[in-house]
>>> print(open('model.cif').read())   # mmCIF, C-alpha atoms and all ligand atoms
data_model
loop_
_atom_site.label_atom_id
_atom_site.label_comp_id
_atom_site.auth_asym_id
_atom_site.auth_seq_id
_atom_site.Cartn_x
_atom_site.Cartn_y
_atom_site.Cartn_z
CA MET A 1 8.26 -38.95 -10.35
CA LEU A 2 8.83 -35.28 -9.70
CA LYS A 3 10.11 -34.30 -6.29
CA ARG A 4 7.22 -32.57 -4.53
CA MET A 5 8.36 -29.14 -3.38
CA ARG A 6 5.93 -27.45 -1.05
CA LEU A 7 6.16 -23.74 -1.78
CA LEU A 8 5.16 -21.59 1.18
CA ASN A 9 6.32 -18.39 -0.54
CA PRO A 10 3.64 -16.00 -1.82
CA GLY A 11 3.65 -17.35 -5.37
CA PRO A 12 4.55 -19.12 -7.50
CA VAL A 13 2.62 -21.91 -5.82
CA THR A 14 2.77 -25.69 -5.66
CA LEU A 15 0.79 -26.73 -8.73
CA THR A 16 -1.96 -29.28 -8.84
CA ARG A 17 -1.39 -32.14 -11.22
CA ARG A 18 -4.28 -30.93 -13.34
CA VAL A 19 -2.75 -27.50 -13.89
CA ARG A 20 0.76 -28.89 -14.43
CA GLU A 21 -0.49 -31.29 -17.10
CA SER A 22 -2.29 -28.50 -18.94
CA LEU A 23 1.15 -27.13 -19.81
CA LEU A 24 1.69 -30.12 -22.09
CA LYS A 25 -1.14 -29.31 -24.48
CA GLU A 26 -0.45 -28.89 -28.20
CA ASP A 27 1.58 -26.00 -29.56
CA LEU A 28 -0.57 -23.06 -30.51
CA CYS A 29 -0.05 -19.72 -32.24
CA HIS A 30 -1.55 -16.76 -30.42
CA ARG A 31 -3.05 -15.54 -33.73
CA GLU A 32 -5.17 -18.69 -34.21
CA PRO A 33 -8.90 -18.94 -33.37
CA GLU A 34 -8.23 -21.62 -30.71
CA PHE A 35 -6.16 -19.12 -28.76
CA SER A 36 -8.71 -16.41 -29.25
CA GLU A 37 -11.43 -18.66 -27.81
CA MET A 38 -9.33 -19.60 -24.83
CA GLN A 39 -8.45 -15.96 -24.13
CA SER A 40 -12.11 -14.96 -24.26
CA ARG A 41 -13.06 -17.83 -21.97
CA ILE A 42 -10.42 -16.81 -19.43
CA ARG A 43 -11.54 -13.18 -19.56
CA SER A 44 -15.15 -14.05 -18.92
CA GLN A 45 -14.23 -16.54 -16.16
CA LEU A 46 -12.14 -13.89 -14.40
CA SER A 47 -15.08 -11.53 -14.22
CA THR A 48 -17.27 -14.21 -12.63
CA VAL A 49 -14.92 -15.36 -9.86
CA TYR A 50 -16.66 -12.77 -7.64
CA GLU A 51 -20.29 -11.73 -7.63
CA GLY A 52 -20.85 -8.08 -8.35
CA ALA A 53 -18.29 -7.81 -11.16
CA GLN A 54 -20.72 -7.93 -14.14
CA ASP A 55 -19.74 -4.42 -15.17
CA TYR A 56 -16.03 -5.21 -15.18
CA GLU A 57 -13.83 -6.43 -18.04
CA ALA A 58 -10.72 -8.55 -17.58
CA VAL A 59 -7.66 -7.45 -19.56
CA LEU A 60 -4.79 -9.92 -19.68
CA VAL A 61 -1.11 -9.08 -19.83
CA THR A 62 1.86 -11.39 -20.22
CA GLY A 63 4.07 -10.47 -17.30
CA SER A 64 4.25 -10.87 -13.52
CA GLY A 65 1.80 -9.21 -11.11
CA THR A 66 3.76 -5.97 -11.15
CA SER A 67 3.03 -5.52 -14.86
CA ALA A 68 -0.72 -5.63 -14.23
CA VAL A 69 -0.39 -3.16 -11.34
CA GLU A 70 1.64 -0.77 -13.49
CA MET A 71 -0.75 -1.19 -16.41
CA MET A 72 -3.72 -0.39 -14.17
CA ILE A 73 -2.46 2.71 -12.39
CA GLY A 74 -0.45 3.96 -15.38
CA SER A 75 -3.44 3.83 -17.73
CA LEU A 76 -6.18 4.98 -15.35
CA VAL A 77 -4.60 7.79 -13.32
CA PRO A 78 -4.85 10.80 -15.66
CA LYS A 79 -1.69 12.70 -16.57
CA GLU A 80 -3.16 15.81 -14.94
CA GLY A 81 -4.76 13.83 -12.12
CA LYS A 82 -3.71 13.38 -8.52
CA ALA A 83 -3.78 10.09 -6.65
CA LEU A 84 -3.89 9.42 -2.92
CA ILE A 85 -1.85 6.34 -2.04
CA ALA A 86 -2.27 4.57 1.31
CA ALA A 87 0.95 2.61 1.89
CA ASN A 88 2.03 0.27 4.68
CA GLY A 89 4.52 -2.00 2.95
CA VAL A 90 6.68 -2.68 -0.08
CA TYR A 91 3.79 -3.00 -2.54
CA GLY A 92 2.05 0.26 -1.63
CA GLU A 93 5.39 2.05 -1.83
CA ARG A 94 6.05 0.42 -5.22
CA MET A 95 2.89 1.98 -6.65
CA ALA A 96 4.04 5.40 -5.45
CA LYS A 97 7.35 4.76 -7.21
CA MET A 98 5.54 3.85 -10.45
CA LEU A 99 3.47 7.03 -10.51
CA ARG A 100 6.53 9.15 -9.67
CA ALA A 101 8.34 7.52 -12.59
CA GLN A 102 5.40 8.59 -14.78
CA SER A 103 5.57 12.15 -13.38
CA LYS A 104 2.02 11.96 -12.05
CA ALA A 105 0.96 13.88 -8.94
CA ILE A 106 0.52 11.81 -5.79
CA GLU A 107 0.08 12.20 -2.06
CA VAL A 108 1.27 9.24 0.00
CA ILE A 109 -0.26 8.46 3.38
CA GLN A 110 2.57 6.37 4.71
CA SER A 111 2.26 4.10 7.75
CA GLU A 112 4.93 2.02 9.38
CA TRP A 113 5.03 -1.43 7.87
CA ILE A 114 3.65 -3.14 10.95
CA ARG A 115 0.83 -0.61 11.34
CA PRO A 116 -2.61 -0.54 9.70
CA ILE A 117 -3.44 2.12 7.09
CA ASP A 118 -3.89 5.50 8.79
CA PHE A 119 -7.57 5.97 7.99
CA ASP A 120 -7.86 9.27 9.86
CA ARG A 121 -5.16 10.84 7.70
CA VAL A 122 -6.73 9.33 4.57
CA GLU A 123 -10.08 10.88 5.48
CA LYS A 124 -8.53 14.27 6.25
CA ALA A 125 -6.77 14.27 2.89
CA LEU A 126 -9.95 13.29 1.04
CA ALA A 127 -11.95 15.95 2.85
CA SER A 128 -9.48 18.75 2.24
CA SER A 129 -8.34 18.15 -1.33
CA SER A 130 -9.59 16.62 -4.53
CA PHE A 131 -8.13 13.36 -5.84
CA THR A 132 -8.84 11.49 -9.05
CA HIS A 133 -8.16 8.12 -7.38
CA VAL A 134 -7.41 6.37 -4.12
CA ILE A 135 -4.81 3.62 -4.47
CA ALA A 136 -4.10 0.82 -1.99
CA VAL A 137 -2.98 -2.77 -1.51
CA HIS A 138 -5.59 -5.27 -0.35
CA HIS A 139 -3.33 -7.92 1.16
CA GLU A 140 0.05 -6.32 1.95
CA THR A 141 2.28 -9.33 1.43
CA THR A 142 5.23 -7.58 3.09
CA THR A 143 3.70 -8.34 6.49
CA GLY A 144 0.66 -10.47 5.72
CA ARG A 145 -1.74 -7.75 6.83
CA LEU A 146 -5.17 -7.82 5.23
CA ASN A 147 -5.85 -4.10 4.95
CA ASP A 148 -9.32 -3.04 6.06
CA LEU A 149 -10.84 -2.38 2.66
CA HIS A 150 -14.34 -2.15 4.08
CA ARG A 151 -13.17 0.98 5.85
CA LEU A 152 -11.06 2.37 3.00
CA GLY A 153 -13.68 1.49 0.39
CA GLY A 154 -16.32 3.16 2.57
CA LEU A 155 -14.25 6.37 2.47
CA CYS A 156 -13.93 6.08 -1.32
CA LYS A 157 -17.73 5.85 -1.52
CA LYS A 158 -18.25 8.72 0.92
CA TYR A 159 -15.90 11.05 -0.96
CA ASN A 160 -16.94 9.72 -4.35
CA THR A 161 -13.38 8.85 -5.36
CA PRO A 162 -12.69 5.71 -7.39
CA LEU A 163 -10.42 3.05 -5.89
CA LEU A 164 -7.59 1.26 -7.69
CA LEU A 165 -6.59 -1.87 -5.82
CA ASP A 166 -3.52 -4.09 -5.86
CA ALA A 167 -5.30 -7.40 -5.22
CA VAL A 168 -2.39 -9.46 -6.52
CA SER A 169 -2.09 -11.65 -3.42
CA SER A 170 -5.77 -11.74 -2.44
CA PHE A 171 -7.75 -12.33 -5.66
CA GLY A 172 -9.36 -15.77 -5.37
CA GLY A 173 -8.68 -16.15 -1.64
CA GLU A 174 -10.25 -13.20 0.19
CA GLU A 175 -13.50 -11.27 -0.12
CA ILE A 176 -13.57 -8.41 -2.65
CA CYS A 177 -16.57 -6.04 -2.81
CA PHE A 178 -16.67 -4.33 -6.18
CA GLN A 179 -19.60 -1.96 -5.62
CA GLU A 180 -19.26 -1.25 -1.90
CA TRP A 181 -15.63 -0.22 -2.24
CA ASN A 182 -16.20 2.05 -5.23
CA LEU A 183 -13.71 -0.08 -7.10
CA GLU A 184 -12.73 1.21 -10.52
CA ALA A 185 -10.17 -1.52 -11.13
CA LEU A 186 -8.01 -4.13 -9.50
CA ALA A 187 -4.83 -5.88 -10.60
CA ALA A 188 -4.05 -9.53 -9.89
CA THR A 189 -2.04 -12.48 -11.16
CA ALA A 190 -2.42 -16.10 -12.24
CA ASN A 191 0.16 -17.56 -9.90
CA LYS A 192 -1.04 -16.74 -6.39
CA CYS A 193 -4.51 -17.64 -5.06
CA LEU A 194 -5.67 -18.73 -8.53
CA HIS A 195 -3.00 -21.51 -8.60
CA GLY A 196 -1.81 -20.91 -12.17
CA VAL A 197 1.80 -20.50 -13.30
CA PRO A 198 3.76 -17.23 -13.34
CA ALA A 199 3.34 -15.78 -16.86
CA VAL A 200 0.04 -13.99 -17.00
CA SER A 201 -1.52 -11.27 -14.89
CA PHE A 202 -4.62 -9.17 -15.40
CA VAL A 203 -6.60 -6.05 -14.64
CA LEU A 204 -10.33 -6.16 -13.93
CA ALA A 205 -11.67 -2.71 -14.72
CA ARG A 206 -15.11 -1.11 -14.91
CA ARG A 207 -16.25 -1.21 -18.51
CA ASN A 208 -17.01 2.52 -18.45
CA ALA A 209 -13.41 3.29 -17.46
CA LEU A 210 -12.25 1.48 -20.62
CA GLU A 211 -14.87 2.13 -23.28
CA GLY A 212 -14.31 5.33 -25.20
CA LYS A 213 -11.95 6.67 -22.55
CA PRO A 214 -8.48 7.90 -23.43
CA SER A 215 -5.63 5.95 -21.92
CA ALA A 216 -3.26 7.83 -19.62
CA ALA A 217 -0.54 5.24 -20.26
CA THR A 218 3.01 6.47 -20.58
CA SER A 219 4.07 2.99 -21.73
CA VAL A 220 3.40 1.27 -25.04
CA TYR A 221 3.39 -2.29 -23.70
CA LEU A 222 1.40 -1.52 -20.54
CA ASP A 223 -1.44 0.37 -22.19
CA LEU A 224 -4.62 -1.05 -20.65
CA HIS A 225 -7.01 0.54 -23.16
CA ASN A 226 -5.01 -0.65 -26.14
CA ALA A 227 -4.86 -4.18 -24.72
CA TYR A 228 -8.60 -4.09 -24.03
CA GLU A 229 -9.49 -2.99 -27.55
CA ALA A 230 -7.42 -5.83 -29.01
CA GLN A 231 -8.74 -8.48 -26.60
CA LYS A 232 -12.34 -7.38 -27.06
CA LYS A 233 -11.93 -8.27 -30.75
CA GLY A 234 -10.47 -11.65 -29.82
CA SER A 235 -6.96 -10.55 -30.64
CA SER A 236 -4.02 -9.48 -28.49
CA ALA A 237 -1.73 -6.49 -28.85
CA PHE A 238 1.45 -8.54 -28.32
CA THR A 239 2.50 -12.18 -28.06
CA GLN A 240 0.74 -13.77 -25.10
CA SER A 241 2.06 -16.58 -22.94
CA VAL A 242 0.11 -19.39 -24.58
CA HIS A 243 1.24 -21.93 -21.98
CA GLY A 244 0.56 -19.54 -19.12
CA MET A 245 -2.97 -19.22 -20.46
CA TYR A 246 -3.39 -22.98 -20.76
CA ALA A 247 -2.55 -23.16 -17.09
CA LEU A 248 -4.74 -20.22 -16.08
CA ASN A 249 -7.68 -21.60 -18.00
CA GLU A 250 -7.31 -24.95 -16.23
CA ALA A 251 -6.76 -23.29 -12.85
CA LEU A 252 -9.95 -21.25 -13.23
CA GLU A 253 -11.94 -24.36 -14.13
CA GLU A 254 -10.45 -26.13 -11.16
CA LEU A 255 -11.33 -23.22 -8.87
CA ARG A 256 -14.92 -23.37 -10.09
CA ASP A 257 -15.06 -27.18 -9.68
CA GLN A 258 -13.74 -26.84 -6.14
CA GLY A 259 -16.45 -24.39 -5.11
CA GLY A 260 -15.05 -20.98 -6.02
CA TRP A 261 -13.24 -18.38 -3.96
CA ARG A 262 -15.31 -18.94 -0.80
CA GLU A 263 -14.38 -22.59 -0.64
CA ARG A 264 -10.75 -21.75 -1.33
CA HIS A 265 -10.86 -19.17 1.46
CA ARG A 266 -12.32 -21.76 3.81
CA ARG A 267 -9.60 -24.24 2.94
CA TYR A 268 -6.84 -21.64 3.39
CA SER A 269 -8.37 -20.70 6.76
CA GLN A 270 -8.20 -24.30 7.95
CA HIS A 271 -4.55 -24.56 6.97
CA MET A 272 -3.75 -21.17 8.46
CA GLN A 273 -5.30 -22.35 11.74
CA ILE A 274 -2.87 -25.28 11.88
CA VAL A 275 0.04 -22.87 11.35
CA VAL A 276 -1.24 -20.36 13.92
CA GLU A 277 -1.87 -22.95 16.63
CA GLY A 278 1.41 -24.75 15.96
CA MET A 279 3.52 -21.60 16.07
CA ARG A 280 1.76 -20.42 19.21
CA GLU A 281 2.55 -23.70 20.91
CA LEU A 282 6.20 -23.36 19.89
CA GLY A 283 6.33 -19.80 21.24
CA ILE A 284 7.08 -18.26 17.84
CA GLU A 285 5.83 -14.69 17.87
CA PRO A 286 3.61 -13.24 15.10
CA LEU A 287 4.89 -10.12 13.37
CA LEU A 288 1.60 -8.21 13.58
CA GLU A 289 -0.31 -7.29 16.74
CA SER A 290 -2.46 -10.41 16.42
CA GLU A 291 -2.86 -13.33 14.08
CA GLU A 292 -6.31 -11.97 13.16
CA ALA A 293 -4.70 -8.92 11.53
CA SER A 294 -3.22 -11.26 8.92
CA SER A 295 -4.92 -12.54 5.82
CA ARG A 296 -5.83 -16.23 5.71
CA ILE A 297 -3.27 -16.48 2.91
CA LEU A 298 0.07 -15.50 4.44
CA ILE A 299 1.38 -14.79 7.93
CA GLY A 300 4.63 -13.25 9.13
CA TYR A 301 6.59 -14.38 12.21
CA ARG A 302 9.57 -13.00 14.06
CA LEU A 303 12.58 -15.29 13.83
CA PRO A 304 13.04 -17.10 17.15
CA SER A 305 15.98 -15.69 19.11
CA ARG A 306 19.35 -17.24 18.18
CA ALA A 307 17.88 -18.68 14.97
CA ARG A 308 19.41 -17.59 11.69
CA TYR A 309 17.04 -17.33 8.74
CA GLU A 310 19.45 -19.17 6.45
CA ASP A 311 19.62 -22.16 8.82
CA LEU A 312 15.85 -22.32 9.25
CA HIS A 313 15.34 -22.06 5.50
CA ALA A 314 17.91 -24.80 4.82
CA HIS A 315 16.44 -27.13 7.45
CA LEU A 316 12.95 -26.77 6.00
CA LYS A 317 14.13 -27.05 2.41
CA ARG A 318 15.72 -30.41 3.18
CA ALA A 319 12.26 -31.49 4.34
CA GLY A 320 10.71 -30.22 1.09
CA PHE A 321 9.35 -26.84 2.28
CA VAL A 322 10.27 -23.39 1.00
CA ILE A 323 9.54 -20.51 3.39
CA TYR A 324 9.98 -16.85 2.52
CA SER A 325 12.30 -14.27 4.04
CA GLY A 326 11.47 -10.71 5.05
CA GLN A 327 11.87 -7.84 2.57
CA GLY A 328 13.85 -4.64 3.13
CA LYS A 329 14.18 -3.79 6.80
CA PHE A 330 12.63 -7.14 7.76
CA ASP A 331 15.39 -9.12 6.07
CA GLY A 332 16.94 -11.43 8.69
CA GLU A 333 14.26 -10.47 11.26
CA ILE A 334 11.20 -12.34 10.11
CA PHE A 335 9.99 -15.22 7.98
CA ARG A 336 6.70 -15.70 6.15
CA VAL A 337 4.49 -18.69 5.50
CA ALA A 338 1.85 -18.72 2.77
CA VAL A 339 -0.79 -21.43 2.49
CA MET A 340 -1.61 -21.01 -1.22
CA GLY A 341 -1.29 -23.82 -3.73
CA ASP A 342 -1.93 -27.54 -3.77
CA LEU A 343 -1.23 -28.26 -0.10
CA GLY A 344 -3.17 -30.21 2.49
CA ARG A 345 -3.59 -30.54 6.26
CA GLY A 346 -0.84 -33.15 6.42
CA ASP A 347 1.67 -30.75 4.86
CA PHE A 348 1.06 -28.13 7.53
CA GLU A 349 1.15 -30.65 10.38
CA GLU A 350 4.47 -31.88 9.02
CA LEU A 351 5.70 -28.30 8.74
CA ILE A 352 5.03 -27.63 12.42
CA GLY A 353 6.86 -30.85 13.26
CA GLU A 354 9.89 -29.60 11.31
CA PHE A 355 9.82 -26.30 13.18
CA ARG A 356 9.78 -28.25 16.45
CA THR A 357 12.79 -30.32 15.38
CA PHE A 358 14.64 -27.18 14.30
CA LEU A 359 14.03 -25.47 17.65
CA GLN A 360 15.07 -28.58 19.60
CA LYS A 361 18.34 -28.67 17.66
CA LEU A 362 18.86 -24.95 18.33
CA ASN A 363 18.55 -25.41 22.08
C1 LIG A 401 3.29 -10.69 -5.53
C2 LIG A 401 2.76 -9.33 -5.40
C3 LIG A 401 2.87 -8.38 -6.43
C4 LIG A 401 3.56 -8.66 -7.74
O1 LIG A 401 4.82 -9.17 -7.63
P1 LIG A 401 5.47 -9.89 -8.91
O2 LIG A 401 6.81 -10.26 -8.39
O3 LIG A 401 5.52 -8.91 -10.00
O4 LIG A 401 4.60 -11.04 -9.22
C5 LIG A 401 2.27 -7.15 -6.26
N1 LIG A 401 1.61 -6.85 -5.15
C6 LIG A 401 1.47 -7.72 -4.13
C7 LIG A 401 0.69 -7.32 -2.92
C8 LIG A 401 2.05 -8.99 -4.22
O5 LIG A 401 1.94 -9.86 -3.22
#
>>> encode(input="model.cif", output="structure tokens")
Amino acid sequence: MLKRMRLLNPGPVTLTRRVRESLLKEDLCHREPEFSEMQSRIRSQLSTVYEGAQDYEAVLVTGSGTSAVEMMIGSLVPKEGKALIAANGVYGERMAKMLRAQSKAIEVIQSEWIRPIDFDRVEKALASSSFTHVIAVHHETTTGRLNDLHRLGGLCKKYNTPLLLDAVSSFGGEEICFQEWNLEALAATANKCLHGVPAVSFVLARRNALEGKPSAATSVYLDLHNAYEAQKKGSSAFTQSVHGMYALNEALEELRDQGGWRERHRRYSQHMQIVVEGMRELGIEPLLESEEASSRILIGYRLPSRARYEDLHAHLKRAGFVIYSGQGKFDGEIFRVAVMGDLGRGDFEELIGEFRTFLQKLN
């Protein structure tokens, strides 16, 4: 029997037995027709997770979520283009860093990490200058904030500017509106809300942004158009993670069998409610202005006074839970709890019990 670790970090997630067992399938060369079929199946399943994505093509890349994000913005933002980036956390800032590294022109509308995107400044920028793309993070995992994409996407529509979205920690667990948000492409990964293993990530891009369009990639490996051309023919530009794809294929079938993203969202919401109510009762303060500002996937809390993160983490780990620390300036100030993966009500009730024990010991 494997020890059951309950991962409350934002990916990789606690695997279901079904996905874990898929890793034990037969060895397979990525140049064989069986692989080609599986890759095509995964690509078509990815474009049907959400309604409204018929005109989008999934392009797979072997690498963590960051590789898909870099592949997306690197290949789609033209060399002579200019992108407007709305950033309120590590992941928005990372995309600015990527485009700077590629010497592409950007304007960053920066907000404090605990603040929402500054939509007024975004609108002013869009009204006064011309941008080839707007770039943002859907669920900013740094704080757990679900950015208001209805508002940002509405601005992209109004100013007729295509949106490139980091949906790495929301794809499969939160609503995504492809048409209404003027979405040109999003990037996501197998090992967060889709419940696969870390190995494979992907870009879902409008077919007309891929077909017959030159790639703006400054990287050989992360060239979206090159990868698309190969995958369209049933091939792949480089060696793919065969086992990662076994797991993603199984995870996508499982998602479908369980009722799709809406059902997964509903389940996450139920578990998040247990966390929210439990923490409230224990007097642990949410990081954002309200719990409703958070996604239903991950929530950030301020460390209780006198508690050290290391002690809290160690206490919970002994009970079989792994929580997540704060990044950057939040290190040692906050902790985060994600509800992704194969977890149930009982796990979250037990988690709250462990927090109670920890606080009792502290006092
Ligand atoms: C997890 C995550 C990423 C990718 O991180 P990797 O470590 O490369 O998997 C990108 N953006 C967001 C919002 C994320 O949560």
>>> residues_near_ligand(input="model.cif", ligand="ligand LIG 401 (chain A)", cutoff="8 Å", atoms="all atoms listed in the file", output="number ranges by chain")
A: 10-11, 63-67, 69, 91-92, 137-142, 166-170, 188-189, 191-192, 198
>>> residues_near_point(input="model.cif", point="(-9.0, 13.5, -2.1)", cutoff="12 Å", atoms="all atoms listed in the file", output="JSON, numbers by chain")
{"A": [81, 82, 83, 84, 85, 86, 106, 107, 108, 109, 121, 122, 123, 124, 125, 126, 127, 128, 129, 130, 131, 132, 133, 134, 135, 155, 156, 157, 158, 159, 160, 161, 162, 163]}
>>> residues_around(input="model.cif", residues="stretch 225-234 of chain A", least_positions_apart="3", cutoff="6 Å", atoms="all atoms listed in the file", output="NGL selection string")
:A and (36 or 59 or 210 or 215 or 237)
>>> residues_near_point(input="model.cif", point="(-4.6, -2.3, -11.8)", cutoff="6 Å", atoms="all atoms listed in the file", output="number ranges by chain")
A: 68-69, 72-73, 185-187, 203
>>> residues_around(input="model.cif", residues="A:Gln327", least_positions_apart="6", cutoff="12 Å", atoms="all atoms listed in the file", output="PyMOL selection string")
chain A and resi 89-91+113+140-144+300+333-336
>>> atom_distance(input="model.cif", atom1="atom CA of A:Gly320", atom2="atom CA of A:Leu343")
12.2 Å
>>> closest_residue(input="model.cif", among="A:Ser219, A:Ser236, A:Ser22, A:Gln45", to="A:Glu250", atoms="all atoms listed in the file")
A:Ser22
>>> residues_around(input="model.cif", residues="A:Val339", least_positions_apart="2", cutoff="7 Å", atoms="all atoms listed in the file", output="compact mmCIF listing (two decimals) with C-alpha atoms, keeping the file's coordinate frame")
# COMPACT_ATOMS: atom_id res chain seq x y z
CA LEU A 8 5.16 -21.59 1.18
CA TYR A 268 -6.84 -21.64 3.39
CA HIS A 271 -4.55 -24.56 6.97
CA MET A 272 -3.75 -21.17 8.46
CA ILE A 297 -3.27 -16.48 2.91
CA LEU A 298 0.07 -15.50 4.44
CA VAL A 337 4.49 -18.69 5.50
CA GLY A 341 -1.29 -23.82 -3.73
>>> closest_residue(input="model.cif", among="A:Leu152, A:Met340, A:Ala307, A:Leu146", to="A:Leu288", atoms="only C-alpha atoms")
A:Leu146
>>> atom_distance(input="model.cif", atom1="atom CA of A:Arg100", atom2="atom CA of A:Asp223")
17.2 Å
>>> residues_around(input="model.cif", residues="A:Arg43", least_positions_apart="4", cutoff="7 Å", atoms="all atoms listed in the file", output="list in words")
Gln39, Ser47, Ala58 and Val59 of chain A
>>> atom_distance(input="model.cif", atom1="atom CA of A:Arg145", atom2="atom CA of A:Val49")
22.6 Å
>>> residues_around(input="model.cif", residues="A:Ala53", least_positions_apart="3", cutoff="9 Å", atoms="only C-alpha atoms", output="JSON, numbers by chain")
{"A": [47, 48, 49, 50, 56, 57, 177, 178, 179, 204, 206]}
>>> closest_residue(input="model.cif", among="A:Ile117, A:Leu224, A:Leu303, A:Val77", to="A:Glu285", atoms="all atoms listed in the file")
A:Leu303
